[in-house]
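Student: This is the structure I have questions about; it appears just below.
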Amino acid sequence: QDLCDRRMSAVLTIAPFTPDHIPGAVGLSRAEAWPHRPEDWALILGLSQGVVVLEGGRVVGTAMATVFGPVGMMNMIIVGETMRGRGLGRRLMDAAMATAAPQEWRLVATESGLPLYRKLGFTEQDRVVQHQAIMTATVAPKGVEWAGPDDLGAIIAADTAATGADRAGLIAALSQAGRIALLRRGGAVAGYAALRPFGRGEVAGPVIAGDADQARALLSFLLADRAGLFNRVDTTEDSGLAPWLTDLGLAHVGGGIGMSRGTRTPQVGNFYRFALAAQALG
């Protein structure tokens with residue numbers, strides 16, 4: 001799809017996002033001070049349908065649609081600074097969202113993106129808070145262990161109950177890229193948390209558990225042997241974890257606004273989300 005920009009006498013092309021576009025996308029995200037490495041872009045692309053805006057062969061805009069069954073995540077929405085004010089953000093969103101029709105769309109917005117997303121029918125749901133730091137030594141709690149391949153089915157079931165999404169592909173990718181910790185109660189999975197390389201160091205999440213005490217136990221286990229390493233946790237204000245993360249030395253450094261459009265996919269049962277896999281992935 002060619003878009004003629006008369007102000008620049010340039011032809012801008014919207015095209016499918018392929019692995020060849022990752023270097024250009026990394027350049028865009030670095031210009032926004034986002035920490036994503038090529039490997040982080042590749043993980044999201046492997047789960048998503050994406051689009052790019054090209055000026056010649058140069059990537060000047062990106063957007064991803066990551067569909068988890070009834071729930072779709074819009075993410076990695078970037079328009080290069082010199083290309084702003086031309087409606088490219090709306091065109092990218094329209095093109096990416098046209099690749100799927102989930103029951104509900106979700107995203108985590110920056111303040112600058114709020115006007116566009118509101119125009120597209122998204123409404124605010126919660127506030128995401130980002131915590132990060134170079135870790136100091138902490139003590140691993142008892143009752144948490146590393147998951148094995150036979151645990152993936154129970155992990156996926158817990159995640160689906162908490163999020164309303166079918167994130168089996170994401171969980172498989174997280175188990176390959178990093179490690180997953182399990183909390184058991186009476187022999188059954190009572191919660192899980194993942195740790196993987198990301199950005200400047202590592203990200204801990206998602207964290208799915210029955211209550212905040214269980215979530216703290218899972219995170220304590222993940223972070224127990226990470227002294228001297230940079231770690232990040234994205235949680236929500238209503239999770240109750242933010243003050244504890246701050247006390248642990250993980251400073252609050254920003255966040256975003258969780259938004260949705262369409263029919264809300266409910267949480268069911270006794271599992272809840274206490275930390276995100278990433279702001280891009282929910």
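Ordered as shown in the structure tokens, chains take letters A, B, and onward, while each chain numbers its residues from 1 and ligands are numbered from 1 in the order shown.
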Select from stretch 5-171 of chain A everything DSSP, run on the backbone, classes as strand (DSSP E or B), then give the selection as number ranges by chain.

Tutor: A: 5, 10-16, 49-55, 58-68, 71-79, 104-109, 123-134, 144-146

Student: As a ChimeraX atom specification, which residues of stretch 9-251 of chain A does DSSP assign to alpha helix (DSSP H)?

Tutor: /A:22-31,38-46,88-97,114-119,152-163,168-177,212-223,242-247

Student: I'd like a table as CSV: residues in stretch 121-180 of chain A with an atom no more than 7 Å from stretch 190-213 of chain A, each row giving the shortest atom pair and its distance in Å to one decimal, only C-alpha atoms counted, sorted by chain and rising residue number.

Tutor:
```
residue,atom,partner,partner_atom,distance
A:Ile155,CA,A:Tyr192,CA,6.7
A:Asp159,CA,A:Ile208,CA,6.4
A:Ala162,CA,A:Ile208,CA,6.9
A:Leu174,CA,A:Arg196,CA,6.9
A:Ala177,CA,A:Arg196,CA,5.9
A:Gly178,CA,A:Arg196,CA,4.1
A:Arg179,CA,A:Leu195,CA,5.5
A:Ile180,CA,A:Ala194,CA,4.3
```

Student: Write the selection just made, keeping all heavy atoms, as an mmCIF file, in the first residue's frame?

Tutor:
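What ended up in out12.cif:
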```cif
data_model
loop_
_atom_site.group_PDB
_atom_site.id
_atom_site.type_symbol
_atom_site.label_atom_id
_atom_site.label_comp_id
_atom_site.auth_asym_id
_atom_site.auth_seq_id
_atom_site.Cartn_x
_atom_site.Cartn_y
_atom_site.Cartn_z
ATOM 1 N N ILE A 155 0.453 -24.645 33.504
ATOM 2 C CA ILE A 155 0.826 -23.231 33.441
ATOM 3 C C ILE A 155 -0.083 -22.488 32.471
ATOM 4 O O ILE A 155 -0.589 -21.401 32.766
ATOM 5 C CB ILE A 155 2.313 -23.098 33.029
ATOM 6 C CG1 ILE A 155 3.213 -23.590 34.169
ATOM 7 C CG2 ILE A 155 2.649 -21.661 32.658
ATOM 8 C CD1 ILE A 155 4.663 -23.758 33.762
ATOM 9 N N ASP A 159 -2.696 -19.421 33.266
ATOM 10 C CA ASP A 159 -2.556 -18.152 32.561
ATOM 11 C C ASP A 159 -3.856 -17.765 31.865
ATOM 12 O O ASP A 159 -4.288 -16.605 31.920
ATOM 13 C CB ASP A 159 -1.417 -18.264 31.545
ATOM 14 C CG ASP A 159 -1.073 -16.935 30.921
ATOM 15 O OD1 ASP A 159 -0.244 -16.206 31.497
ATOM 16 O OD2 ASP A 159 -1.647 -16.603 29.859
ATOM 17 N N ALA A 162 -6.409 -16.431 34.288
ATOM 18 C CA ALA A 162 -6.105 -15.099 34.806
ATOM 19 C C ALA A 162 -6.291 -14.007 33.768
ATOM 20 O O ALA A 162 -6.716 -12.894 34.095
ATOM 21 C CB ALA A 162 -4.670 -15.066 35.332
ATOM 22 N N LEU A 174 8.576 -18.258 26.109
ATOM 23 C CA LEU A 174 9.239 -17.848 27.348
ATOM 24 C C LEU A 174 10.049 -18.996 27.944
ATOM 25 O O LEU A 174 11.142 -18.787 28.488
ATOM 26 C CB LEU A 174 8.214 -17.358 28.368
ATOM 27 C CG LEU A 174 7.429 -16.097 28.001
ATOM 28 C CD1 LEU A 174 6.407 -15.774 29.089
ATOM 29 C CD2 LEU A 174 8.348 -14.921 27.773
ATOM 30 N N ALA A 177 13.227 -19.102 25.874
ATOM 31 C CA ALA A 177 14.114 -17.951 26.036
ATOM 32 C C ALA A 177 14.665 -17.832 27.450
ATOM 33 O O ALA A 177 15.738 -17.246 27.655
ATOM 34 C CB ALA A 177 13.365 -16.668 25.664
ATOM 35 N N GLY A 178 13.914 -18.343 28.444
ATOM 36 C CA GLY A 178 14.338 -18.197 29.833
ATOM 37 C C GLY A 178 13.908 -19.385 30.672
ATOM 38 O O GLY A 178 13.990 -20.521 30.220
ATOM 39 N N ARG A 179 13.417 -19.105 31.883
ATOM 40 C CA ARG A 179 12.992 -20.163 32.791
ATOM 41 C C ARG A 179 11.676 -19.764 33.451
ATOM 42 O O ARG A 179 11.363 -18.574 33.582
ATOM 43 C CB ARG A 179 14.041 -20.417 33.883
ATOM 44 C CG ARG A 179 15.415 -20.766 33.360
ATOM 45 C CD ARG A 179 16.393 -21.053 34.483
ATOM 46 N NE ARG A 179 16.171 -22.388 35.050
ATOM 47 C CZ ARG A 179 16.877 -22.886 36.064
ATOM 48 N NH1 ARG A 179 17.810 -22.154 36.643
ATOM 49 N NH2 ARG A 179 16.625 -24.109 36.511
ATOM 50 N N ILE A 180 10.919 -20.777 33.881
ATOM 51 C CA ILE A 180 9.631 -20.554 34.530
ATOM 52 C C ILE A 180 9.657 -21.202 35.907
ATOM 53 O O ILE A 180 10.067 -22.356 36.054
ATOM 54 C CB ILE A 180 8.477 -21.124 33.691
ATOM 55 C CG1 ILE A 180 8.382 -20.384 32.346
ATOM 56 C CG2 ILE A 180 7.151 -21.025 34.442
ATOM 57 C CD1 ILE A 180 7.302 -20.907 31.422
#
```

Student: My list of candidates is A:Ala133, A:Leu116, A:Leu12, A:Ala181. Which is closest to A:Gly56 when distances are computed with only C-alpha atoms?

Tutor: A:Leu12

Student: Enumerate, in order of chain and increasing residue number, the residues of stretch 96-119 of chain A with an atom no farther than 9 Å from stretch 34-49 of chain A, each with its shortest atom pair and distance in Å to one decimal, counting only C-alpha atoms, as CSV.

Tutor:
```
residue,atom,partner,partner_atom,distance
A:Ala96,CA,A:Gln49,CA,7.1
A:Thr99,CA,A:Gln49,CA,6.9
A:Ala100,CA,A:Gln49,CA,8.7
```

Student: With a cut-off of 9 Å, could you pull out the residues of stretch 75-106 of chain A touching stretch 255-266 of chain A and give me the nearest pair of atoms for each, distance in Å to one decimal, using only C-alpha atoms, ordered by chain and ascending number, as CSV?

Tutor:
```
residue,atom,partner,partner_atom,distance
A:Pro102,CA,A:Gly262,CA,8.6
A:Gln103,CA,A:Thr263,CA,5.9
A:Glu104,CA,A:Gly262,CA,4.6
A:Trp105,CA,A:Arg261,CA,5.1
A:Arg106,CA,A:Ser260,CA,4.3
```

Student: Since we have the selection now, will you write its residues out, keeping C-alpha atoms, as a PDB file, in the first residue's frame?

Tutor:
```
ATOM      1  CA  PRO A 102     -10.286 -10.957  18.155  1.00  0.00           C
ATOM      2  CA  GLN A 103     -13.109 -10.433  20.610  1.00  0.00           C
ATOM      3  CA  GLU A 104     -11.057  -7.825  22.469  1.00  0.00           C
ATOM      4  CA  TRP A 105      -8.070  -5.636  21.607  1.00  0.00           C
ATOM      5  CA  ARG A 106      -5.709  -4.534  24.369  1.00  0.00           C
TER       6      ARG A 106
END
```

Student: Would you mind telling me which residue in A:Ile22, A:Leu248, A:Val11, A:Met74 lies nearest to A:Ser220 when using only C-alpha atoms?

Tutor: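 Closest candidate: A:Leu248.
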
Student: To one decimal place in Å, what is the distance between atom CA of A:Ile134 and atom CA of A:Pro243?

Tutor: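 Spanning atom CA of A:Ile134 to atom CA of A:Pro243 is a straight-line distance of 17.2 Å.
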
Student: Rounded to one decimal place, report the atom CA of A:Thr62-atom CA of A:Val79 distance in Å.

Tutor: 6.6 Å

Student: If we count only C-alpha atoms, what is near A:Met76 at a cut-off of 7 Å, once residues fewer than 3 positions away on the same chain are taken out, given as an MDAnalysis selection string?

Tutor: chainID A and resid 62:64 280

Student: Which residues of stretch 48-162 of chain A sit at most 8 Å from stretch 225-233 of chain A, using only C-alpha atoms? Give each one's shortest atom pair and distance in Å (one decimal place), in chain and ascending residue order, as a Markdown table.

Tutor:
```
| residue | atom | partner | partner_atom | distance |
| --- | --- | --- | --- | --- |
| A:Gln130 | CA | A:Val233 | CA | 6.1 |
| A:His131 | CA | A:Val233 | CA | 5.3 |
| A:Gln132 | CA | A:Arg232 | CA | 4.2 |
| A:Ala133 | CA | A:Phe230 | CA | 5.5 |
| A:Ile134 | CA | A:Phe230 | CA | 4.1 |
| A:Met135 | CA | A:Ala227 | CA | 4.7 |
| A:Thr136 | CA | A:Ala227 | CA | 4.5 |
| A:Ala137 | CA | A:Ala227 | CA | 4.9 |
| A:Thr138 | CA | A:Asp225 | CA | 7.1 |
| A:Ala140 | CA | A:Asp225 | CA | 7.9 |
```

Student: Let me make sure I understand: among A:Leu183, A:Leu170, A:Ala277, A:Ala165, which one has the smallest atom-to-atom distance to A:Phe221 if we use only C-alpha atoms?

Tutor: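 Nearest to A:Phe221: A:Leu183.
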
Student: Restricting the calculation to only C-alpha atoms, which member of A:Gly254, A:Pro115, A:Gly69, A:Gly164 is positioned closest to A:Arg273?

Tutor: A:Gly164

Student: For A:Met73, please output as a ChimeraX atom specification all residues within 7 Å (counting only C-alpha atoms; exclusion window: fewer than 6 positions along the same chain).

Tutor: /A:65-67,105-107,281
